[in-house]
Amino acid sequence: MSDFPILSVTLLLPIAGAVLITMLSPTQKSIIRSIAAVSTLGSLLLSLVVFFGYDQLQGGLQMTESIPWVRDLGISYALGVDGISIPLLLLTNLIGFSAVYASWHTQERVKEFFVLLLLLISGVMGTFIATDLFIFFLFYEVVVIPIYLLVIMFGSSKRVTKEYAGMKLTIYLLIGSAFLLVGLIALFVQAKALLGFPTMDINTLARADFSVGFQVFVYCLMALGFGTLLSMFPFHAWSPDGYAGAPTAVSMIHAGVLKKIGGYGLIRIGLLLLPAGARYVAPLIAILALGNVVYAGIICLTQKDLKYIVGYSSVSHMGYVLLGIASVNLISLNGAVMMMFAMGLWPPCSSP
Amino acid sequence: MIGLNHYLLLGTVLFGIGAYGVFAKRNAIAVLMSIELMLNAVNVNFVAINRFLQPAAGMGQLFAIFVIVVAAAEVAVGLALIISIYRHRKSVDLNDFNLLKW
Amino acid sequence: MIMNMDSLVFLIISAFTIASALGVVLSRNIIHSALALILTFLGVAMNFFDLGASFLGLVQILVYAGAISVLIIFAIMLVMKPDSAATNPPTPSRDTHFIGGLLAWLVMIGVGMAIGLTRWPAMASEPAEADAVGTLATLLLGNYVVAFEAAAILLLLAAVGAIILAKGDENP
Amino acid sequence: MLIQDVMTFSWLIPVLPFLAFALIGLFLHRWPKWSAACSIAAIGVSFFLSVLIAVEIFGGDPGRAFEMSVRWLEMPGLKVDMGILIDPLTAVMLLVVTTVALLVQIYSLGYMEGDPGRASYFAYQSIFAGSMLGLVMASNFGQIFVFWELVGMCSYLLIGFWFGRPSARDAAIKAFVTNRIGDFGFLLGILFLIIVFGTLNFGELAALIPDYHNLAVLLPIAVLLFFGPVGKSAQFPLHVWLPDAMEGPTPVSALIHAATMVAAGVYLIARAFFIFSQVPQAMLLIALVGGFTALLAATIALVQNDIKRILAYSTLSQLGYMVMAMGVGAMTAGMFHLRTHAFFKGLLFLAAGSVIHALHGEQDIWKMGGLAKKMPITTWTFVIGALALAGIPPLAGFWSKDEILLGAFAGGYTGLYLLGSLVAFMTAFYMFRLIFIAFFGVSKGAEQAHESPPVMTGPLVILAALSIGAGFVGSPWMGNVFGLYISTPGAVHHPVNPTIMAVSSLLALAGIGLAWLIYQKQAVSAEKLRQRWPALYHVFLNKYYVDEFYAWLGKVFVDAGARVLEWVDLKIINGAVNGLAYLTGSSGRTLRYAVNGQVQSYAIWVMVGLVLLLATVLKTVFTVLV
């Protein structure tokens with residue numbers, strides 16, 4: 001059991017499903033759907049196994065897998081879960097499975113739809129269980145492409161056209177990830193100087209003794225990158241439009257788990273690697289989070305389209321998560337993770 | 001005594017003439033021919049450098065062969081393109097070839 | 001300046017080559033241009049012989065003066081207008097004409113200066129030994145076999161591509 | 001033996017209705033009859049267990065309490081338990097809730113006959129009963145808040161039960177939103193508690209708070225905690241939801257919006273009395289809010305025409321009474337009144353429901369009349385309830401109301417005593433106005449009315465009996481058993497004062513007499529009185545325009561604020577984004593003129609680049625050489 005690469009299998013099942021689907025004819029709709037359902041269900045069951053198999057008393061990273069990849073840069077294909085990632089992994093699979101279920105009756109371009117959806121689910125999952133910065137970033141980028149295609153191909157035009165919504169979403173996420181990339185590279189370079197060997201492993205990086213000024217700088221970059229992803233005020237403009245424009249299954253994933261990558265990243269990378277920076281920037285983040293909570297909450301009141309209501313309210317709720325992260329203490333972090341899990345569940349439920 | 005510099009200057013002049021042809025001609029085939037001139041200029045340089053600097057290694061000649069190969073491919077594709085465009089536009093005048101605009 | 005035999009040969013060949021090249025770009029008749037191009041190729045081939053690269057000279061004559069020129073003339077015949085006298089005019093725009101010439105001069109002067117300023121390593125006074133073909137073969141099928149194969153594939157692709165492009169639509 | 005074990009199994013009391021809810025929701029919802037049976041069986045067993053617990057508690061010493069709990073969540077700095085606390089206060093509440101809930105559910109069998117949503121109705125009833133029981137058995141503030149929200153949700157669901165009617169939908173939303181305002185304050189109070197004291201357990205807090213003298217901290221906590229009761233028990237200024245909540249089915253009004261849930265606020269004050277009693281300012285605030293609500297609601301009730309609305313405002317008024325009792329320190333009296341009120345107000349609502357049922361949904365009292373002959377059981381049980389509410393001895397309401405007035409008077413709150421007496425007078429008046437118009441007098445379009453089926457009248461009779469008898473446990477001549485058990489440190493007790501008893505009885509009789517004069521004998525024309533004070537009449541009829549004020553407030557601040565912010569979002573934030581995009585696009589559109597499609601001009605640029613490169617190289621070479 002301990003040798004079984006359960007996380008890899010969980011991660012790769014939807015991708016395998018996607019690959020299988022690409023080999024089918026577009027007219028074999030029911031087979032395509034079944035493959036999608038089976039692969040996401042498999043992932044869901046495996047993530048349940050992970051959830052119950054996690055040794056709570058022991059804590060820490062468990063079920064780790066690590067295969068060296070690019071030795072010169074210290075990159076390895078490393079997965080692992082701990083108390084923060086398990087709920088989000090479970091959430092992703094729950095929502096992934098229900099997204100497949102919710103789009104069961106899709107009629108147009110079924111093949112493309114499910115291939116992209118499965119890729120999206122895998123990408124989100126990968127960000128939550130990667131313990132290597134490079135792998136994390138890789139999966140983060142994997143997420144963006146299918147979501148763009150899904151929005152422009154299957155979305156609906158509301159206040160804005162779906163093409164606009166999809167493009168806005170993509171540009172925001174890519175700009176965010178550009179900041180993130182700069183931060184990650186800075187971390188890598190600095191850590192190499194401090195540790196004497198190149199590494200991308202998060203836990204190894206956490207041992208490096210970064211100077212406070214450097215931490216503040218990198219944390220600011222992270223806050224911009226992840227903040228854009230979790231729709232931090234005032235970088236939230238992509239979220240309501242993207243939410244409203246996306247097809248239901250994507251809205252579920254978008255509001256349900258996609259934004260959680262931002263919160264997760266801020267906790268996992270921001271707080272773990274850069275605690276001093278996080279403390280330093282926390283007041284500013286807290287103010288922006290309040291902006292989220294109040295501002296988006298009030299805007300919700302005038303919305304008439306249910307999807308926009310959910311979109312703005314998810315912006316508002318991510319403000320609470322951000323507030324929890326900005327508070328930098330154990331209770332608030334617990335609350336932030338709980339909040340992410342809980343609010344991950346409800347937008348799918350209210351997706352029309 | 002004729003040295004390397006003379007051959008290089010010959011190459012340079014050929015290259016310049018070819019470049020002028022590329023800018024100044026309207027006929028697409030003429031432009032293609034001018035490009036051939038430029039490629040030949042390069043070949044002259046390769047062979048001259050091979051002769052004067054490292055006669056035994058033969059690297060310059062090798063490169064010249066590759067240039068000739070690529071030039072042959074280029075001419076074939078280029079002419080096919082010109083003929084293809086000519087079929088649609090009834091012209092080989094480069095001023096009519098503004099498909100790349102905007 | 002002492003004129004010896006080598007210099008004389010070089011000068012004659014160079015003059016011939018440059019004159020033909022000028023003919024290519026200055027002629028107003030595309031057929032004349034093409035013929036001048038063949039002469040230029042021959043001139044370059046003579047240069048190769050002069051430089052002791054006799055194999056390459058032969059290749060030059062075969063590929064350029066033979067194959068490519070024929071290809072070009074075929075293309076000209078396919079697209080030529082009835083009066084061939086005005087088939088190869090210069091661009092009407094004076095600016096382009098002028099700028100093109102200027103740039104060509106600038107490049108020539110620049111490269112010429114660069115050549116003049118370069119300090120070359122020791123020159124070999126003698127041409128290479130007779131078996132240049134053997135050396136080339138060893139190189140092509142030895143160290144550079146991958147590039148050789150790539151060139152072969154390139155040629156194949158170019159041939160196929162040219163056929164597809166030139167063939168046009170089946171049902172226009 | 002059984003009695004001993006009943007404590008350990010007491011957690012079944014709230015769990016059983018929850019189970020019934022789950023059963024109905026998952027399996028039984030296709031069969032309404034089985035759903036109803038399941039729900040009634042669950043609450044029946046809970047009732048039985050409650051009786052056993054009551055026997056156990058009241059059979060022993062007054063100070064007896066039973067507590068057990070399991071850890072719900074724990075992290076550094078925060079511990080929340082899920083547990084049960086059974087002391088006399090809980091035991092009384094358990095009895096009240098299970099009794100009324102059981103009777104109401106039985107009554108609903110008849111009232112909801114033929115409604116297509118019966119199964120979900122009983123499911124909601126079950127989850128409400130479970131939540132309410134969980135609330136009264138909670139051993140800490142965290143748990144009480146959870147159930148507090150759950151009962152709020154049930155209230156929302158049941159008010160909006162007939163969600164096809166827009167008024168029901170609006171009322172449900174109004175109730176929910178208004179409650180959330182109160183709950184928010186309540187939650188803040190709880191958070192303050194955990195920050196200051198580090199625990200939420202009632203027992204631990206009760207041990208800590210008397211030694212804590214920092215009033216600057218305790219006062220905000222007490223006031224914030226009081227927000228919860230203000231919302232849930234519909235005290236001024238959050239009272240607006242309760243009258244509208246009458247859009248729900250009448251049994252729901254009886255159970256949730258008269259007898260139990262709205263009393264949860266009063267229960268909370270009693271439960272947290274050890275906090276409030278430490279803060280005199282908070283007590284004064286509670287007393288004033290309660291008294292003001294009592295008066296406000298009573299005046300409005302004087303002129304209403306809808307039978308359920310009159311009862312609703314009466315409920316408001318009586319809740320104000322209870323809260324006032326808490327505020328003046330007469331916690332025992334308040335709880336006593338809560339208990340008796342639950343019975344007779346439940347009775348009144350159920351009887352009103354019986355009338356509405358008989359008249360096929362007619363609620364306007366002016367369209368009734370002469371029902372006494374056609375519906376004798378309903379009429380006489382209603383009269384008994386009204387007498388109890390009016391405070392006629394020796395019915396239940398008399399004893400409890402008297403204790404409250406006694407508490408106010410003896411506690412030195414003379415103003416509140418006078419106010420309470422005035423409200424008592426008005427209560428008697430408006431109840432008998434209702435009775436004389438609707439049940440006696442001339443029949444107006446109620447000819448087809450007939451007595452309700454036994455399944456509905458049965459609960460009425462039982463509740464009528466309770467309305468008569470329930471007061472004696474608190475009467476001085478019975479040794480004031482109630483006060484012996486229901487008491488906490490800080491609650492005050494006063495000796496019996498016959499004068500006050502006599503005065504309040506006389507006032508009630510006077511109110512009944514006045515109503516008889518105006519509406520039965522018609523010695524004084526109601527029309528004339530109305531024309532005499534038109535302004536007063538309209539203010540009362542329009543509920544002091546509080547709803548209108550809130551609507552205006554919402555429109556001006558919330559709606560307008562939201563519009564402004566939406567404008568900001570669309571024009572400024574999105575505008576900045578789109579502006580940036582436009583800038584990029586327009587620079588592209590400008591620069592594209594450099595791209596003219598001429599291959600030669602591109603080649604020229606390439607060559608220019610080459611020349612520049614050459615120039616750079618040559619410059620370097622020259623610098624090296626020179």
# chains A, B, ... in the order shown; residues from 1 in each chain; ligands from 1
>>> select_by_dssp(residues="segment 15-205 of chain A", states="strand (DSSP E)", output="mmCIF file with N, CA and C atoms, in the first residue's frame")
data_model
loop_
_atom_site.group_PDB
_atom_site.id
_atom_site.type_symbol
_atom_site.label_atom_id
_atom_site.label_comp_id
_atom_site.auth_asym_id
_atom_site.auth_seq_id
_atom_site.Cartn_x
_atom_site.Cartn_y
_atom_site.Cartn_z
ATOM 1 N N GLN A 62 2.520 13.620 3.788
ATOM 2 C CA GLN A 62 2.450 12.172 3.725
ATOM 3 C C GLN A 62 2.197 11.739 2.295
ATOM 4 N N MET A 63 2.358 10.441 2.084
ATOM 5 C CA MET A 63 2.138 9.825 0.772
ATOM 6 C C MET A 63 2.977 10.511 -0.294
ATOM 7 N N THR A 64 4.167 10.904 0.100
ATOM 8 C CA THR A 64 4.996 11.659 -0.836
ATOM 9 C C THR A 64 5.533 10.751 -1.929
ATOM 10 N N GLU A 65 5.716 11.352 -3.089
ATOM 11 C CA GLU A 65 6.369 10.682 -4.206
ATOM 12 C C GLU A 65 7.351 11.674 -4.758
ATOM 13 N N SER A 66 8.503 11.181 -5.161
ATOM 14 C CA SER A 66 9.465 12.125 -5.711
ATOM 15 C C SER A 66 10.312 11.421 -6.755
ATOM 16 N N ILE A 67 10.271 11.949 -7.967
ATOM 17 C CA ILE A 67 11.107 11.421 -9.036
ATOM 18 C C ILE A 67 11.926 12.583 -9.566
ATOM 19 N N PRO A 68 13.247 12.529 -9.439
ATOM 20 C CA PRO A 68 14.054 13.646 -9.941
ATOM 21 C C PRO A 68 13.826 13.833 -11.428
ATOM 22 N N TRP A 69 13.800 15.088 -11.827
ATOM 23 C CA TRP A 69 13.484 15.360 -13.221
ATOM 24 C C TRP A 69 14.641 16.118 -13.870
ATOM 25 N N VAL A 70 14.764 17.389 -13.537
ATOM 26 C CA VAL A 70 15.887 18.160 -14.067
ATOM 27 C C VAL A 70 16.840 18.395 -12.915
ATOM 28 N N ILE A 75 14.774 20.273 -10.007
ATOM 29 C CA ILE A 75 13.350 20.038 -10.191
ATOM 30 C C ILE A 75 13.071 18.558 -10.092
ATOM 31 N N SER A 76 12.056 18.229 -9.329
ATOM 32 C CA SER A 76 11.653 16.838 -9.318
ATOM 33 C C SER A 76 10.141 16.771 -9.341
ATOM 34 N N TYR A 77 9.654 15.653 -9.856
ATOM 35 C CA TYR A 77 8.209 15.430 -9.874
ATOM 36 C C TYR A 77 7.833 14.961 -8.487
ATOM 37 N N ALA A 78 7.473 15.918 -7.633
ATOM 38 C CA ALA A 78 7.261 15.578 -6.234
ATOM 39 C C ALA A 78 5.837 15.895 -5.835
ATOM 40 N N LEU A 79 5.165 14.890 -5.278
ATOM 41 C CA LEU A 79 3.800 15.084 -4.800
ATOM 42 C C LEU A 79 3.749 14.743 -3.326
ATOM 43 N N GLY A 80 2.751 15.288 -2.653
ATOM 44 C CA GLY A 80 2.553 14.975 -1.250
ATOM 45 C C GLY A 80 1.349 15.735 -0.748
ATOM 46 N N VAL A 81 0.763 15.236 0.326
ATOM 47 C CA VAL A 81 -0.399 15.931 0.863
ATOM 48 C C VAL A 81 -0.198 16.184 2.339
#
>>> residues_around(residues="segment 215-229 of chain D", least_positions_apart="4", cutoff="7 Å", atoms="only C-alpha atoms", output="PyMOL selection string")
chain D and resi 182-183+185-186+188-189+192-193+233+265-266+268+275-276+279+282
>>> residues_around(residues="Glu112 of chain A", least_positions_apart="6", cutoff="9 Å", atoms="only C-alpha atoms", output="list of chain:residue names")
A:Ile21, A:Thr22, A:Pro26, A:Leu150
>>> interface_residues(of="chain D", to="chain B", cutoff="7 Å", atoms="only C-alpha atoms", output="PDB file with all heavy atoms, in the first residue's frame")
ATOM      1  N   ARG D 592       0.454  49.472 -36.970  1.00  0.00           N
ATOM      2  CA  ARG D 592       0.338  48.533 -38.065  1.00  0.00           C
ATOM      3  C   ARG D 592       0.556  49.216 -39.414  1.00  0.00           C
ATOM      4  O   ARG D 592       0.769  48.538 -40.405  1.00  0.00           O
ATOM      5  CB  ARG D 592      -1.003  47.837 -38.038  1.00  0.00           C
ATOM      6  CG  ARG D 592      -2.126  48.714 -38.519  1.00  0.00           C
ATOM      7  CD  ARG D 592      -3.415  47.971 -38.511  1.00  0.00           C
ATOM      8  NE  ARG D 592      -4.478  48.856 -38.935  1.00  0.00           N
ATOM      9  CZ  ARG D 592      -5.746  48.492 -38.982  1.00  0.00           C
ATOM     10  NH1 ARG D 592      -6.089  47.296 -38.615  1.00  0.00           N
ATOM     11  NH2 ARG D 592      -6.667  49.317 -39.390  1.00  0.00           N
ATOM     12  N   VAL D 595       3.419  48.328 -41.330  1.00  0.00           N
ATOM     13  CA  VAL D 595       3.417  47.033 -41.999  1.00  0.00           C
ATOM     14  C   VAL D 595       2.586  47.184 -43.267  1.00  0.00           C
ATOM     15  O   VAL D 595       1.373  47.107 -43.234  1.00  0.00           O
ATOM     16  CB  VAL D 595       2.806  45.972 -41.069  1.00  0.00           C
ATOM     17  CG1 VAL D 595       2.810  44.627 -41.748  1.00  0.00           C
ATOM     18  CG2 VAL D 595       3.568  45.911 -39.780  1.00  0.00           C
ATOM     19  N   ASN D 596       3.269  47.455 -44.434  1.00  0.00           N
ATOM     20  CA  ASN D 596       2.491  47.775 -45.618  1.00  0.00           C
ATOM     21  C   ASN D 596       2.339  46.604 -46.563  1.00  0.00           C
ATOM     22  O   ASN D 596       1.807  46.747 -47.647  1.00  0.00           O
ATOM     23  CB  ASN D 596       3.111  48.966 -46.360  1.00  0.00           C
ATOM     24  CG  ASN D 596       4.545  48.673 -46.727  1.00  0.00           C
ATOM     25  OD1 ASN D 596       4.997  47.544 -46.569  1.00  0.00           O
ATOM     26  ND2 ASN D 596       5.247  49.676 -47.213  1.00  0.00           N
ATOM     27  N   GLY D 597       2.831  45.439 -46.167  1.00  0.00           N
ATOM     28  CA  GLY D 597       2.629  44.285 -47.022  1.00  0.00           C
ATOM     29  C   GLY D 597       3.669  44.130 -48.101  1.00  0.00           C
ATOM     30  O   GLY D 597       3.639  43.168 -48.851  1.00  0.00           O
ATOM     31  N   GLN D 598       4.576  45.098 -48.237  1.00  0.00           N
ATOM     32  CA  GLN D 598       5.592  45.003 -49.271  1.00  0.00           C
ATOM     33  C   GLN D 598       6.807  44.283 -48.732  1.00  0.00           C
ATOM     34  O   GLN D 598       7.439  44.746 -47.775  1.00  0.00           O
ATOM     35  CB  GLN D 598       6.000  46.408 -49.737  1.00  0.00           C
ATOM     36  CG  GLN D 598       4.865  47.190 -50.372  1.00  0.00           C
ATOM     37  CD  GLN D 598       4.394  46.557 -51.659  1.00  0.00           C
ATOM     38  OE1 GLN D 598       5.193  45.989 -52.400  1.00  0.00           O
ATOM     39  NE2 GLN D 598       3.107  46.627 -51.939  1.00  0.00           N
ATOM     40  N   GLN D 600       9.631  43.993 -49.902  1.00  0.00           N
ATOM     41  CA  GLN D 600      10.890  44.730 -50.048  1.00  0.00           C
ATOM     42  C   GLN D 600      11.106  45.736 -48.932  1.00  0.00           C
ATOM     43  O   GLN D 600      12.223  45.931 -48.463  1.00  0.00           O
ATOM     44  CB  GLN D 600      10.916  45.432 -51.399  1.00  0.00           C
ATOM     45  CG  GLN D 600      11.247  44.437 -52.485  1.00  0.00           C
ATOM     46  CD  GLN D 600      10.930  44.976 -53.848  1.00  0.00           C
ATOM     47  OE1 GLN D 600       9.918  45.636 -54.035  1.00  0.00           O
ATOM     48  NE2 GLN D 600      11.783  44.689 -54.812  1.00  0.00           N
ATOM     49  N   ILE D 604      14.172  45.980 -46.454  1.00  0.00           N
ATOM     50  CA  ILE D 604      14.963  47.184 -46.191  1.00  0.00           C
ATOM     51  C   ILE D 604      15.230  47.330 -44.706  1.00  0.00           C
ATOM     52  O   ILE D 604      16.347  47.632 -44.280  1.00  0.00           O
ATOM     53  CB  ILE D 604      14.230  48.420 -46.744  1.00  0.00           C
ATOM     54  CG1 ILE D 604      14.432  48.460 -48.251  1.00  0.00           C
ATOM     55  CG2 ILE D 604      14.757  49.699 -46.106  1.00  0.00           C
ATOM     56  CD1 ILE D 604      13.772  49.613 -48.915  1.00  0.00           C
TER      57      ILE D 604
END
>>> atom_distance(atom1="atom CA of Leu158 of chain D", atom2="atom CA of Ala171 of chain D")
10.5 Å
>>> interface_residues(of="chain C", to="chain D", cutoff="8 Å", atoms="only C-alpha atoms", output="list in words")
Thr96, Gly100, Leu103, Leu106, Val107, Gly110, Val111, Met113, Ala114 and Leu117 of chain C
>>> select_by_dssp(residues="segment 464-620 of chain D", states="helix (DSSP H, G or I)", output="ChimeraX atom specification")
/D:464-474,476-478,481-485,498-520,526-532,534-541,543-594,599-620
>>> interface_residues(of="chain D", to="chain A", cutoff="9 Å", atoms="only C-alpha atoms", output="PyMOL selection string")
chain D and resi 75-78+558-559+561-566+569-570+573-574+577
>>> closest_atom_pairs(of="chain B", to="chain C", cutoff="6 Å", atoms="only C-alpha atoms", output="JSON lines")
{"residue": "B:Ile2", "atom": "CA", "partner": "C:Ser7", "partner_atom": "CA", "distance": 5.6}
{"residue": "B:Thr12", "atom": "CA", "partner": "C:Met108", "partner_atom": "CA", "distance": 5.7}
{"residue": "B:Gly16", "atom": "CA", "partner": "C:Ala104", "partner_atom": "CA", "distance": 4.8}
{"residue": "B:Ala19", "atom": "CA", "partner": "C:Ala104", "partner_atom": "CA", "distance": 5.9}
{"residue": "B:Tyr20", "atom": "CA", "partner": "C:Gly100", "partner_atom": "CA", "distance": 5.5}
{"residue": "B:Gly21", "atom": "CA", "partner": "C:Val25", "partner_atom": "CA", "distance": 5.2}
{"residue": "B:Phe23", "atom": "CA", "partner": "C:Gly100", "partner_atom": "CA", "distance": 5.1}
{"residue": "B:Ala24", "atom": "CA", "partner": "C:His97", "partner_atom": "CA", "distance": 5.0}
{"residue": "B:Lys25", "atom": "CA", "partner": "C:Pro90", "partner_atom": "CA", "distance": 4.4}
{"residue": "B:Arg26", "atom": "CA", "partner": "C:Thr91", "partner_atom": "CA", "distance": 5.1}
{"residue": "B:Asn27", "atom": "CA", "partner": "C:Asn88", "partner_atom": "CA", "distance": 5.7}
{"residue": "B:Phe52", "atom": "CA", "partner": "C:Ala124", "partner_atom": "CA", "distance": 5.1}
{"residue": "B:Leu53", "atom": "CA", "partner": "C:Met123", "partner_atom": "CA", "distance": 5.4}
{"residue": "B:Pro55", "atom": "CA", "partner": "C:Ala128", "partner_atom": "CA", "distance": 4.8}
{"residue": "B:Ala56", "atom": "CA", "partner": "C:Ala128", "partner_atom": "CA", "distance": 5.7}
{"residue": "B:Ala73", "atom": "CA", "partner": "C:Ala158", "partner_atom": "CA", "distance": 5.3}
{"residue": "B:Ala76", "atom": "CA", "partner": "C:Ala162", "partner_atom": "CA", "distance": 6.0}
{"residue": "B:Val77", "atom": "CA", "partner": "C:Ala162", "partner_atom": "CA", "distance": 4.8}
{"residue": "B:Ala80", "atom": "CA", "partner": "C:Ala166", "partner_atom": "CA", "distance": 4.7}
{"residue": "B:Ser84", "atom": "CA", "partner": "C:Ala166", "partner_atom": "CA", "distance": 5.4}
>>> residues_around(residues="segment 42-45 of chain B", least_positions_apart="6", cutoff="7 Å", atoms="only C-alpha atoms", output="ChimeraX atom specification")
/B:7-8,11,64 /C:44
>>> write_last_selection(atoms="C-alpha atoms", output="mmCIF file, in the first residue's frame")
data_model
loop_
_atom_site.group_PDB
_atom_site.id
_atom_site.type_symbol
_atom_site.label_atom_id
_atom_site.label_comp_id
_atom_site.auth_asym_id
_atom_site.auth_seq_id
_atom_site.Cartn_x
_atom_site.Cartn_y
_atom_site.Cartn_z
ATOM 1 C CA TYR B 7 38.140 37.201 -52.489
ATOM 2 C CA LEU B 8 36.233 38.552 -49.530
ATOM 3 C CA GLY B 11 32.022 38.393 -52.133
ATOM 4 C CA ALA B 64 29.084 25.843 -49.222
ATOM 5 C CA VAL C 44 31.666 32.004 -59.313
#
>>> residues_around(residues="segment 412-422 of chain D", least_positions_apart="4", cutoff="8 Å", atoms="only C-alpha atoms", output="list in words")
Leu288, Gly291, Ala294, Leu295, Tyr321, Val328, Leu405, Leu406, Ala408, Met426, Ser504 and Leu507 of chain D
>>> closest_residue(among="C:Ala150, C:Ala65, C:Val145, C:Ile13", to="Leu39 of chain C", atoms="only C-alpha atoms")
C:Ala65
>>> atom_distance(atom1="atom CA of Lys543 of chain D", atom2="atom CA of Tyr430 of chain D")
15.3 Å
>>> atom_distance(atom1="atom CA of Gly469 of chain D", atom2="atom CA of Ser155 of chain D")
29.5 Å
>>> decode(residues="segment 113-124 of chain C", atoms="N, CA, C and O atoms", output="compact mmCIF listing (two decimals), in the first residue's frame")
# COMPACT_ATOMS: atom_id res chain seq x y z
N MET C 113 35.36 47.60 -44.92
CA MET C 113 36.19 48.09 -43.82
C MET C 113 36.46 47.00 -42.82
O MET C 113 37.57 46.84 -42.31
N ALA C 114 35.42 46.22 -42.53
CA ALA C 114 35.59 45.15 -41.57
C ALA C 114 36.64 44.17 -42.06
O ALA C 114 37.51 43.74 -41.30
N ILE C 115 36.57 43.86 -43.36
CA ILE C 115 37.57 42.94 -43.89
C ILE C 115 38.96 43.53 -43.75
O ILE C 115 39.90 42.87 -43.31
N GLY C 116 39.06 44.81 -44.10
CA GLY C 116 40.36 45.45 -44.03
C GLY C 116 40.90 45.49 -42.62
O GLY C 116 42.11 45.38 -42.41
N LEU C 117 40.03 45.62 -41.66
CA LEU C 117 40.50 45.76 -40.29
C LEU C 117 40.77 44.43 -39.61
O LEU C 117 41.36 44.39 -38.53
N THR C 118 40.28 43.35 -40.21
CA THR C 118 40.43 42.07 -39.54
C THR C 118 41.87 41.59 -39.60
O THR C 118 42.53 41.65 -40.64
N ARG C 119 42.36 41.13 -38.46
CA ARG C 119 43.69 40.50 -38.42
C ARG C 119 43.48 39.01 -38.57
O ARG C 119 42.99 38.36 -37.66
N TRP C 120 43.86 38.47 -39.74
CA TRP C 120 43.65 37.05 -39.96
C TRP C 120 44.73 36.22 -39.33
O TRP C 120 45.86 36.69 -39.20
N PRO C 121 44.41 35.02 -38.93
CA PRO C 121 45.48 34.12 -38.50
C PRO C 121 46.36 33.72 -39.68
O PRO C 121 46.12 34.13 -40.81
N ALA C 122 47.31 32.92 -39.40
CA ALA C 122 48.30 32.57 -40.42
C ALA C 122 47.64 32.00 -41.66
O ALA C 122 46.72 31.18 -41.57
N MET C 123 48.09 32.47 -42.82
CA MET C 123 47.51 32.04 -44.08
C MET C 123 48.23 30.81 -44.59
O MET C 123 49.43 30.65 -44.43
N ALA C 124 47.45 29.96 -45.22
CA ALA C 124 48.09 28.84 -45.91
C ALA C 124 48.41 29.29 -47.33
O ALA C 124 47.55 29.85 -48.01
